[in-house]
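*Asks:* Input file: final.tsv. Contents: TSV, N, CA and C atoms.
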```tsv
chain	number	residue	atom	x	y	z
E	1	MET	N	113.08	164.10	160.34
E	1	MET	CA	114.29	163.33	160.12
E	1	MET	C	115.52	164.05	160.69
E	2	ARG	N	115.52	165.39	160.55
E	2	ARG	CA	116.65	166.15	161.08
E	2	ARG	C	116.79	165.96	162.58
E	3	THR	N	115.66	165.95	163.27
E	3	THR	CA	115.70	165.81	164.72
E	3	THR	C	116.27	164.46	165.11
E	4	VAL	N	115.86	163.41	164.42
E	4	VAL	CA	116.37	162.07	164.72
E	4	VAL	C	117.87	162.01	164.47
E	5	LEU	N	118.32	162.55	163.34
E	5	LEU	CA	119.76	162.55	163.05
E	5	LEU	C	120.53	163.38	164.08
E	6	ASN	N	119.96	164.52	164.48
E	6	ASN	CA	120.63	165.35	165.49
E	6	ASN	C	120.74	164.65	166.83
E	7	ILE	N	119.72	163.91	167.23
E	7	ILE	CA	119.76	163.20	168.52
E	7	ILE	C	120.80	162.09	168.47
E	8	ILE	N	120.81	161.32	167.38
E	8	ILE	CA	121.82	160.26	167.24
E	8	ILE	C	123.22	160.88	167.19
E	9	TRP	N	123.36	161.98	166.45
E	9	TRP	CA	124.64	162.69	166.37
E	9	TRP	C	125.10	163.14	167.75
E	10	LEU	N	124.18	163.72	168.51
E	10	LEU	CA	124.51	164.23	169.83
E	10	LEU	C	125.05	163.13	170.73
E	11	VAL	N	124.42	161.98	170.69
E	11	VAL	CA	124.81	160.87	171.55
E	11	VAL	C	126.15	160.26	171.10
E	12	LEU	N	126.33	160.08	169.81
E	12	LEU	CA	127.50	159.35	169.33
E	12	LEU	C	128.76	160.20	169.20
E	13	SER	N	128.63	161.45	168.75
E	13	SER	CA	129.87	162.22	168.60
E	13	SER	C	129.70	163.71	168.86
E	14	GLY	N	128.53	164.25	168.72
E	14	GLY	CA	128.34	165.69	168.82
E	14	GLY	C	128.72	166.28	170.16
E	15	PHE	N	128.37	165.61	171.24
E	15	PHE	CA	128.66	166.14	172.56
E	15	PHE	C	130.16	166.22	172.81
E	16	TRP	N	130.89	165.19	172.41
E	16	TRP	CA	132.33	165.16	172.65
E	16	TRP	C	133.06	166.18	171.78
E	17	LEU	N	132.61	166.35	170.55
E	17	LEU	CA	133.21	167.37	169.69
E	17	LEU	C	132.89	168.77	170.23
E	18	PHE	N	131.67	168.94	170.71
E	18	PHE	CA	131.26	170.20	171.34
E	18	PHE	C	132.18	170.54	172.50
E	19	LEU	N	132.47	169.54	173.35
E	19	LEU	CA	133.37	169.78	174.48
E	19	LEU	C	134.77	170.17	174.01
E	20	GLY	N	135.24	169.58	172.92
E	20	GLY	CA	136.55	169.94	172.37
E	20	GLY	C	136.58	171.39	171.91
E	21	TYR	N	135.53	171.82	171.23
E	21	TYR	CA	135.46	173.21	170.78
E	21	TYR	C	135.35	174.16	171.97
E	22	MET	N	134.59	173.79	172.99
E	22	MET	CA	134.45	174.65	174.16
E	22	MET	C	135.79	174.77	174.91
E	23	LEU	N	136.51	173.66	175.02
E	23	LEU	CA	137.83	173.70	175.66
E	23	LEU	C	138.77	174.61	174.88
E	24	ALA	N	138.77	174.47	173.57
E	24	ALA	CA	139.62	175.34	172.74
E	24	ALA	C	139.20	176.80	172.90
E	25	GLY	N	137.90	177.06	172.96
E	25	GLY	CA	137.42	178.43	173.12
E	25	GLY	C	137.82	179.03	174.45
E	26	VAL	N	137.74	178.25	175.51
E	26	VAL	CA	138.13	178.75	176.83
E	26	VAL	C	139.63	179.05	176.86
E	27	ILE	N	140.43	178.14	176.33
E	27	ILE	CA	141.89	178.35	176.31
E	27	ILE	C	142.23	179.59	175.49
E	28	LEU	N	141.58	179.76	174.34
E	28	LEU	CA	141.87	180.91	173.50
E	28	LEU	C	141.38	182.21	174.13
E	29	CYS	N	140.29	182.19	174.88
E	29	CYS	CA	139.82	183.40	175.55
E	29	CYS	C	140.69	183.77	176.75
E	30	VAL	N	141.29	182.79	177.40
E	30	VAL	CA	142.17	183.07	178.52
E	30	VAL	C	143.41	183.82	178.04
E	31	LEU	N	143.84	183.56	176.83
E	31	LEU	CA	145.04	184.19	176.30
E	31	LEU	C	144.81	185.64	175.85
E	32	ILE	N	143.63	186.16	176.02
E	32	ILE	CA	143.22	187.54	175.75
E	32	ILE	C	143.42	187.95	174.28
E	33	VAL	N	144.61	187.87	173.75
E	33	VAL	CA	144.87	188.29	172.37
E	33	VAL	C	144.08	187.44	171.38
E	34	THR	N	143.81	186.20	171.74
E	34	THR	CA	143.15	185.27	170.83
E	34	THR	C	141.65	185.16	171.09
E	35	ILE	N	141.05	186.15	171.72
E	35	ILE	CA	139.61	186.11	172.00
E	35	ILE	C	138.76	185.96	170.72
E	36	PRO	N	139.08	186.62	169.61
E	36	PRO	CA	138.26	186.41	168.40
E	36	PRO	C	138.23	184.95	167.95
E	37	TRP	N	139.34	184.25	168.12
E	37	TRP	CA	139.38	182.83	167.76
E	37	TRP	C	138.59	182.00	168.77
E	38	GLY	N	138.59	182.41	170.02
E	38	GLY	CA	137.78	181.74	171.03
E	38	GLY	C	136.30	181.86	170.74
E	39	ILE	N	135.88	183.05	170.32
E	39	ILE	CA	134.47	183.25	169.96
E	39	ILE	C	134.10	182.40	168.75
E	40	ALA	N	134.98	182.32	167.77
E	40	ALA	CA	134.74	181.46	166.61
E	40	ALA	C	134.64	179.99	167.04
E	41	SER	N	135.45	179.60	168.00
E	41	SER	CA	135.40	178.23	168.50
E	41	SER	C	134.06	177.94	169.17
E	42	PHE	N	133.56	178.88	169.97
E	42	PHE	CA	132.25	178.70	170.60
E	42	PHE	C	131.14	178.60	169.55
E	43	ARG	N	131.22	179.45	168.53
E	43	ARG	CA	130.19	179.46	167.47
E	43	ARG	C	130.16	178.13	166.72
E	44	ILE	N	131.32	177.65	166.32
E	44	ILE	CA	131.39	176.38	165.59
E	44	ILE	C	131.05	175.22	166.52
E	45	GLY	N	131.41	175.33	167.80
E	45	GLY	CA	131.08	174.28	168.77
E	45	GLY	C	129.59	174.10	168.93
E	46	VAL	N	128.84	175.19	168.99
E	46	VAL	CA	127.38	175.10	169.10
E	46	VAL	C	126.81	174.49	167.82
E	47	TYR	N	127.37	174.85	166.67
E	47	TYR	CA	126.94	174.24	165.41
E	47	TYR	C	127.24	172.74	165.41
E	48	THR	N	128.37	172.35	165.95
E	48	THR	CA	128.75	170.94	166.00
E	48	THR	C	127.84	170.14	166.92
E	49	LEU	N	127.26	170.79	167.90
E	49	LEU	CA	126.36	170.11	168.82
E	49	LEU	C	125.07	169.67	168.13
E	50	TRP	N	124.55	170.46	167.18
E	50	TRP	CA	123.26	170.19	166.55
E	50	TRP	C	123.33	170.63	165.08
E	51	PRO	N	124.06	169.89	164.20
E	51	PRO	CA	124.37	170.40	162.86
E	51	PRO	C	123.29	170.21	161.79
E	52	PHE	N	122.48	169.18	161.91
E	52	PHE	CA	121.54	168.90	160.83
E	52	PHE	C	120.43	169.94	160.80
E	53	GLY	N	120.15	170.45	159.61
E	53	GLY	CA	119.17	171.51	159.45
E	53	GLY	C	119.82	172.87	159.32
E	54	ARG	N	121.14	172.92	159.47
E	54	ARG	CA	121.89	174.17	159.30
E	54	ARG	C	123.07	173.89	158.39
E	55	GLU	N	123.62	174.93	157.83
E	55	GLU	CA	124.78	174.76	156.97
E	55	GLU	C	125.73	175.95	157.13
E	56	VAL	N	126.96	175.73	156.73
E	56	VAL	CA	127.99	176.77	156.81
E	56	VAL	C	128.17	177.33	155.41
E	57	VAL	N	128.10	178.66	155.31
E	57	VAL	CA	128.30	179.33	154.03
E	57	VAL	C	129.39	180.38	154.21
E	58	ASP	N	130.02	180.75	153.10
E	58	ASP	CA	131.04	181.80	153.15
E	58	ASP	C	130.40	183.14	153.42
E	59	HIS	N	131.02	183.92	154.28
E	59	HIS	CA	130.56	185.28	154.55
E	59	HIS	C	130.98	186.15	153.37
E	60	PRO	N	130.07	186.93	152.81
E	60	PRO	CA	130.41	187.67	151.58
E	60	PRO	C	131.49	188.72	151.77
E	61	ARG	N	131.71	189.22	152.96
E	61	ARG	CA	132.69	190.29	153.16
E	61	ARG	C	134.01	189.79	153.76
E	62	SER	N	134.20	188.50	153.80
E	62	SER	CA	135.46	188.01	154.36
E	62	SER	C	136.57	188.22	153.33
E	63	GLY	N	137.75	188.49	153.82
E	63	GLY	CA	138.84	188.78	152.91
E	63	GLY	C	140.17	188.28	153.44
E	64	VAL	N	141.19	189.09	153.26
E	64	VAL	CA	142.55	188.72	153.62
E	64	VAL	C	142.68	188.49	155.12
E	65	PHE	N	142.01	189.32	155.92
E	65	PHE	CA	142.14	189.17	157.36
E	65	PHE	C	141.54	187.86	157.86
E	66	SER	N	140.47	187.41	157.22
E	66	SER	CA	139.91	186.10	157.57
E	66	SER	C	140.89	184.99	157.22
E	67	PHE	N	141.54	185.12	156.08
E	67	PHE	CA	142.54	184.13	155.68
E	67	PHE	C	143.69	184.09	156.68
E	68	LEU	N	144.21	185.26	157.04
E	68	LEU	CA	145.31	185.31	158.00
E	68	LEU	C	144.88	184.80	159.36
E	69	GLY	N	143.66	185.12	159.76
E	69	GLY	CA	143.13	184.60	161.02
E	69	GLY	C	142.99	183.10	161.01
E	70	ASN	N	142.59	182.55	159.86
E	70	ASN	CA	142.47	181.10	159.74
E	70	ASN	C	143.84	180.41	159.82
E	71	VAL	N	144.88	181.07	159.32
E	71	VAL	CA	146.24	180.51	159.44
E	71	VAL	C	146.62	180.41	160.91
E	72	VAL	N	146.34	181.46	161.66
E	72	VAL	CA	146.62	181.44	163.10
E	72	VAL	C	145.76	180.37	163.78
E	73	TRP	N	144.50	180.27	163.38
E	73	TRP	CA	143.58	179.27	163.96
E	73	TRP	C	144.10	177.85	163.77
E	74	VAL	N	144.57	177.54	162.56
E	74	VAL	CA	145.07	176.18	162.29
E	74	VAL	C	146.24	175.86	163.22
E	75	ILE	N	147.10	176.84	163.43
E	75	ILE	CA	148.25	176.62	164.30
E	75	ILE	C	147.82	176.43	165.75
E	76	LEU	N	146.86	177.23	166.22
E	76	LEU	CA	146.47	177.19	167.63
E	76	LEU	C	145.55	176.02	167.98
E	77	ALA	N	144.51	175.78	167.18
E	77	ALA	CA	143.52	174.79	167.59
E	77	ALA	C	142.93	173.97	166.45
E	78	GLY	N	142.97	174.49	165.25
E	78	GLY	CA	142.26	173.85	164.14
E	78	GLY	C	142.71	172.44	163.81
E	79	TRP	N	144.00	172.20	163.87
E	79	TRP	CA	144.50	170.89	163.44
E	79	TRP	C	144.01	169.78	164.35
E	80	TRP	N	143.98	169.99	165.67
E	80	TRP	CA	143.55	168.88	166.53
E	80	TRP	C	142.03	168.73	166.54
E	81	LEU	N	141.29	169.81	166.27
E	81	LEU	CA	139.84	169.66	166.13
E	81	LEU	C	139.51	168.91	164.83
E	82	ALA	N	140.27	169.19	163.77
E	82	ALA	CA	140.08	168.47	162.52
E	82	ALA	C	140.40	166.98	162.69
E	83	ILE	N	141.45	166.67	163.43
E	83	ILE	CA	141.78	165.27	163.71
E	83	ILE	C	140.64	164.60	164.48
E	84	GLY	N	140.02	165.33	165.41
E	84	GLY	CA	138.87	164.78	166.15
E	84	GLY	C	137.72	164.45	165.23
E	85	HIS	N	137.45	165.33	164.25
E	85	HIS	CA	136.38	165.06	163.29
E	85	HIS	C	136.71	163.86	162.41
E	86	ILE	N	137.96	163.75	161.99
E	86	ILE	CA	138.36	162.63	161.12
E	86	ILE	C	138.25	161.31	161.88
E	87	LEU	N	138.77	161.26	163.09
E	87	LEU	CA	138.71	160.02	163.88
E	87	LEU	C	137.26	159.64	164.22
E	88	SER	N	136.47	160.63	164.58
E	88	SER	CA	135.06	160.37	164.88
E	88	SER	C	134.32	159.90	163.63
E	89	GLY	N	134.62	160.52	162.49
E	89	GLY	CA	133.98	160.11	161.23
E	89	GLY	C	134.35	158.69	160.84
E	90	LEU	N	135.60	158.33	161.01
E	90	LEU	CA	136.02	156.96	160.69
E	90	LEU	C	135.34	155.95	161.61
E	91	ALA	N	135.25	156.29	162.89
E	91	ALA	CA	134.58	155.38	163.84
E	91	ALA	C	133.10	155.23	163.51
E	92	LEU	N	132.45	156.31	163.11
E	92	LEU	CA	131.03	156.24	162.79
E	92	LEU	C	130.78	155.48	161.49
E	93	CYS	N	131.70	155.53	160.56
E	93	CYS	CA	131.51	154.85	159.27
E	93	CYS	C	131.65	153.34	159.37
E	94	ILE	N	132.04	152.84	160.52
E	94	ILE	CA	132.17	151.39	160.69
E	94	ILE	C	130.80	150.73	160.62
E	95	THR	N	129.77	151.39	161.14
E	95	THR	CA	128.42	150.82	161.11
E	95	THR	C	127.62	151.45	159.97
E	96	ILE	N	126.62	150.73	159.51
E	96	ILE	CA	125.78	151.23	158.43
E	96	ILE	C	124.98	152.45	158.88
E	97	ILE	N	124.45	152.41	160.08
E	97	ILE	CA	123.66	153.53	160.59
E	97	ILE	C	124.54	154.77	160.78
E	98	GLY	N	125.79	154.58	161.10
E	98	GLY	CA	126.68	155.71	161.36
E	98	GLY	C	127.27	156.36	160.13
E	99	ILE	N	127.07	155.78	158.94
E	99	ILE	CA	127.69	156.34	157.73
E	99	ILE	C	127.25	157.78	157.46
E	100	PRO	N	125.94	158.12	157.53
E	100	PRO	CA	125.59	159.54	157.31
E	100	PRO	C	126.21	160.47	158.34
E	101	LEU	N	126.35	159.99	159.56
E	101	LEU	CA	126.97	160.81	160.60
E	101	LEU	C	128.48	160.95	160.36
E	102	GLY	N	129.10	159.89	159.88
E	102	GLY	CA	130.52	159.96	159.54
E	102	GLY	C	130.77	160.93	158.40
E	103	ILE	N	129.89	160.91	157.40
E	103	ILE	CA	130.02	161.86	156.29
E	103	ILE	C	129.84	163.29	156.79
E	104	ALA	N	128.90	163.49	157.70
E	104	ALA	CA	128.71	164.83	158.29
E	104	ALA	C	129.96	165.27	159.03
E	105	ASN	N	130.63	164.34	159.71
E	105	ASN	CA	131.89	164.67	160.39
E	105	ASN	C	132.95	165.09	159.38
E	106	PHE	N	133.04	164.39	158.27
E	106	PHE	CA	134.03	164.74	157.26
E	106	PHE	C	133.72	166.11	156.64
E	107	LYS	N	132.44	166.47	156.54
E	107	LYS	CA	132.07	167.78	156.02
E	107	LYS	C	132.44	168.90	156.99
E	108	LEU	N	132.59	168.57	158.26
E	108	LEU	CA	132.96	169.58	159.26
E	108	LEU	C	134.47	169.81	159.34
E	109	VAL	N	135.27	168.99	158.68
E	109	VAL	CA	136.72	169.16	158.73
E	109	VAL	C	137.15	170.51	158.15
E	110	PRO	N	136.67	170.92	156.97
E	110	PRO	CA	137.08	172.25	156.47
E	110	PRO	C	136.65	173.39	157.40
E	111	VAL	N	135.50	173.25	158.03
E	111	VAL	CA	135.03	174.29	158.95
E	111	VAL	C	135.93	174.33	160.19
E	112	SER	N	136.36	173.17	160.65
E	112	SER	CA	137.23	173.14	161.83
E	112	SER	C	138.61	173.71	161.52
E	113	LEU	N	139.00	173.68	160.27
E	113	LEU	CA	140.30	174.24	159.88
E	113	LEU	C	140.23	175.73	159.54
E	114	MET	N	139.07	176.18	159.05
E	114	MET	CA	138.94	177.58	158.62
E	114	MET	C	137.59	178.15	159.05
E	115	PRO	N	137.39	178.46	160.34
E	115	PRO	CA	136.08	178.95	160.79
E	115	PRO	C	135.84	180.43	160.54
E	116	LEU	N	136.89	181.22	160.37
E	116	LEU	CA	136.69	182.65	160.17
E	116	LEU	C	136.27	182.93	158.74
E	117	GLY	N	135.35	183.85	158.57
E	117	GLY	CA	134.82	184.15	157.24
E	117	GLY	C	133.67	183.24	156.86
E	118	LYS	N	133.10	182.54	157.82
E	118	LYS	CA	131.97	181.63	157.57
E	118	LYS	C	130.77	182.07	158.41
E	119	GLU	N	129.59	181.74	157.93
E	119	GLU	CA	128.35	181.98	158.65
E	119	GLU	C	127.59	180.67	158.75
E	120	ILE	N	126.85	180.51	159.83
E	120	ILE	CA	125.98	179.35	159.99
E	120	ILE	C	124.56	179.81	159.76
E	121	VAL	N	123.89	179.20	158.78
E	121	VAL	CA	122.53	179.60	158.43
E	121	VAL	C	121.63	178.37	158.44
E	122	GLU	N	120.34	178.61	158.58
E	122	GLU	CA	119.37	177.53	158.50
E	122	GLU	C	119.29	177.06	157.06
E	123	LYS	N	119.18	175.75	156.87
E	123	LYS	CA	119.03	175.20	155.53
E	123	LYS	C	117.63	175.49	155.04
E	124	ARG	N	117.54	175.79	153.77
E	124	ARG	CA	116.23	175.96	153.17
E	124	ARG	C	115.67	174.60	152.84
E	125	ARG	N	114.43	174.42	153.15
E	125	ARG	CA	113.78	173.17	152.78
E	125	ARG	C	113.43	173.24	151.31
E	126	GLY	N	113.61	172.14	150.63
E	126	GLY	CA	113.35	172.10	149.19
E	126	GLY	C	112.03	171.45	148.85
E	127	GLY	N	111.14	171.40	149.79
E	127	GLY	CA	109.87	170.71	149.56
E	127	GLY	C	108.91	171.50	148.70
E	128	GLN	N	107.85	170.84	148.31
E	128	GLN	CA	106.86	171.45	147.44
E	128	GLN	C	106.19	172.64	148.12
E	129	PHE	N	105.89	172.53	149.40
E	129	PHE	CA	105.24	173.62	150.12
E	129	PHE	C	106.12	174.86	150.15
E	130	ASP	N	107.41	174.66	150.35
E	130	ASP	CA	108.33	175.79	150.42
E	130	ASP	C	108.46	176.49	149.07
E	131	ARG	N	108.48	175.71	147.98
E	131	ARG	CA	108.56	176.33	146.66
E	131	ARG	C	107.30	177.12	146.37
E	132	ALA	N	106.15	176.60	146.79
E	132	ALA	CA	104.89	177.33	146.59
E	132	ALA	C	104.88	178.61	147.42
E	133	ALA	N	105.39	178.56	148.63
E	133	ALA	CA	105.44	179.76	149.48
E	133	ALA	C	106.39	180.78	148.90
E	134	ASP	N	107.49	180.34	148.30
E	134	ASP	CA	108.43	181.27	147.67
E	134	ASP	C	107.80	181.96	146.48
E	135	SER	N	107.02	181.22	145.69
E	135	SER	CA	106.41	181.83	144.52
E	135	SER	C	105.32	182.82	144.93
E	136	VAL	N	104.61	182.56	146.02
E	136	VAL	CA	103.59	183.49	146.51
E	136	VAL	C	104.26	184.75	147.06
E	137	ALA	N	105.42	184.59	147.71
E	137	ALA	CA	106.11	185.73	148.28
E	137	ALA	C	106.65	186.68	147.22
E	138	ARG	N	106.92	186.17	146.05
E	138	ARG	CA	107.44	187.03	144.97
E	138	ARG	C	106.33	187.82	144.43
```
Could you rewrite the structure in this file as structure tokens?

*Replies:*
Amino acid sequence: MRTVLNIIWLVLSGFWLFLGYMLAGVILCVLIVTIPWGIASFRIGVYTLWPFGREVVDHPRSGVFSFLGNVVWVILAGWWLAIGHILSGLALCITIIGIPLGIANFKLVPVSLMPLGKEIVEKRRGGQFDRAADSVAR
């Protein structure tokens, strides 16, 4: 199911959002001082290209510097990337099939506003087989 959702996502909005993040990353890397924000833009852009099956979690060691970096990020690129997610989410929610994709877009708005101090990890499957494998591993 994740693969099907990712393919539909890629065609309808993922590719265009990916291009927005890549453009922001290139612009931020050209400015030299903002290279860390450019790298964050590339990381979130790749996540935006194929989001289902992965999730964003808070990095345990992020602190004040991540917060200050996110303030700079919002000023430089975050606000227009967030607007792209909101507009794309609204457009996808018009159709019944697009509603899950629109909701996924809305979930990406906080990430587009505050990418520093976050990690992208694979989602754990909650199936019966996975629970049995976890109990055997213990």

*Asks:* Tell me which of E:Gly84, E:Gly14, E:Pro115, E:Gly102 sits closest to Gly69 of chain E, counting all atoms listed in the file.

*Replies:*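 Among the listed residues, E:Pro115 lies closest to Gly69 of chain E.
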
*Asks:* Atom C of Thr3 of chain E to atom CA of Ser41 of chain E: how many Å, to one decimal?

*Replies:* 23.8 Å

*Asks:* Quick check, in Å to one decimal: how far apart do atom N of Ile83 of chain E and atom N of Pro110 of chain E lie?

*Replies:* 9.1 Å

*Asks:* Show me, as AutoDock Vina command-line options, the centre and edge lengths in Å to one decimal of the axis-aligned box that covers every listed atom of segment 84-103 of chain E with 3 Å on each side.

*Replies:*
```
--center_x 131.8 --center_y 158.0 --center_z 161.2 --size_x 22.4 --size_y 20.6 --size_z 15.9
```

*Asks:* Might you pull out every residue within 8 Å of Lys123 of chain E, with all atoms listed in the file counted and same-chain residues fewer than 5 positions away left off, and present them as a list of chain:residue names?

*Replies:* E:Phe52, E:Gly53, E:Arg54, E:Glu55, E:Val56

*Asks:* Residues at most 8 Å from Gly38 of chain E, counting only N, CA and C atoms, excluding those fewer than 6 positions away in the same chain, as a ChimeraX atom specification?

*Replies:* /E:21,24-30,44

*Asks:* Enumerate the residues of segment 4-79 of chain E with a DSSP assignment of strand (DSSP E), computed from the backbone, and present them as number ranges by chain.

*Replies:* E: 54-58

*Asks:* I need the residue nearest Phe67 of chain E from this list: E:Leu92, E:Met1, E:Arg124, E:Gly117. Use only N, CA and C atoms for the distance.

*Replies:*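 The closest residue to Phe67 of chain E is E:Gly117.
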
*Asks:* When you count all atoms listed in the file, which of these residues is closest to Met114 of chain E: E:Ser88, E:Thr95, E:Ser13, E:Asn70?

*Replies:*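 Closest residue, counting all atoms listed in the file: E:Asn70.
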
*Asks:* Smallest atom-to-atom distance to Ala82 of chain E: which of E:Arg61, E:Ile97, E:Ser112, E:Lys107, using only N, CA and C atoms?

*Replies:* E:Ser112
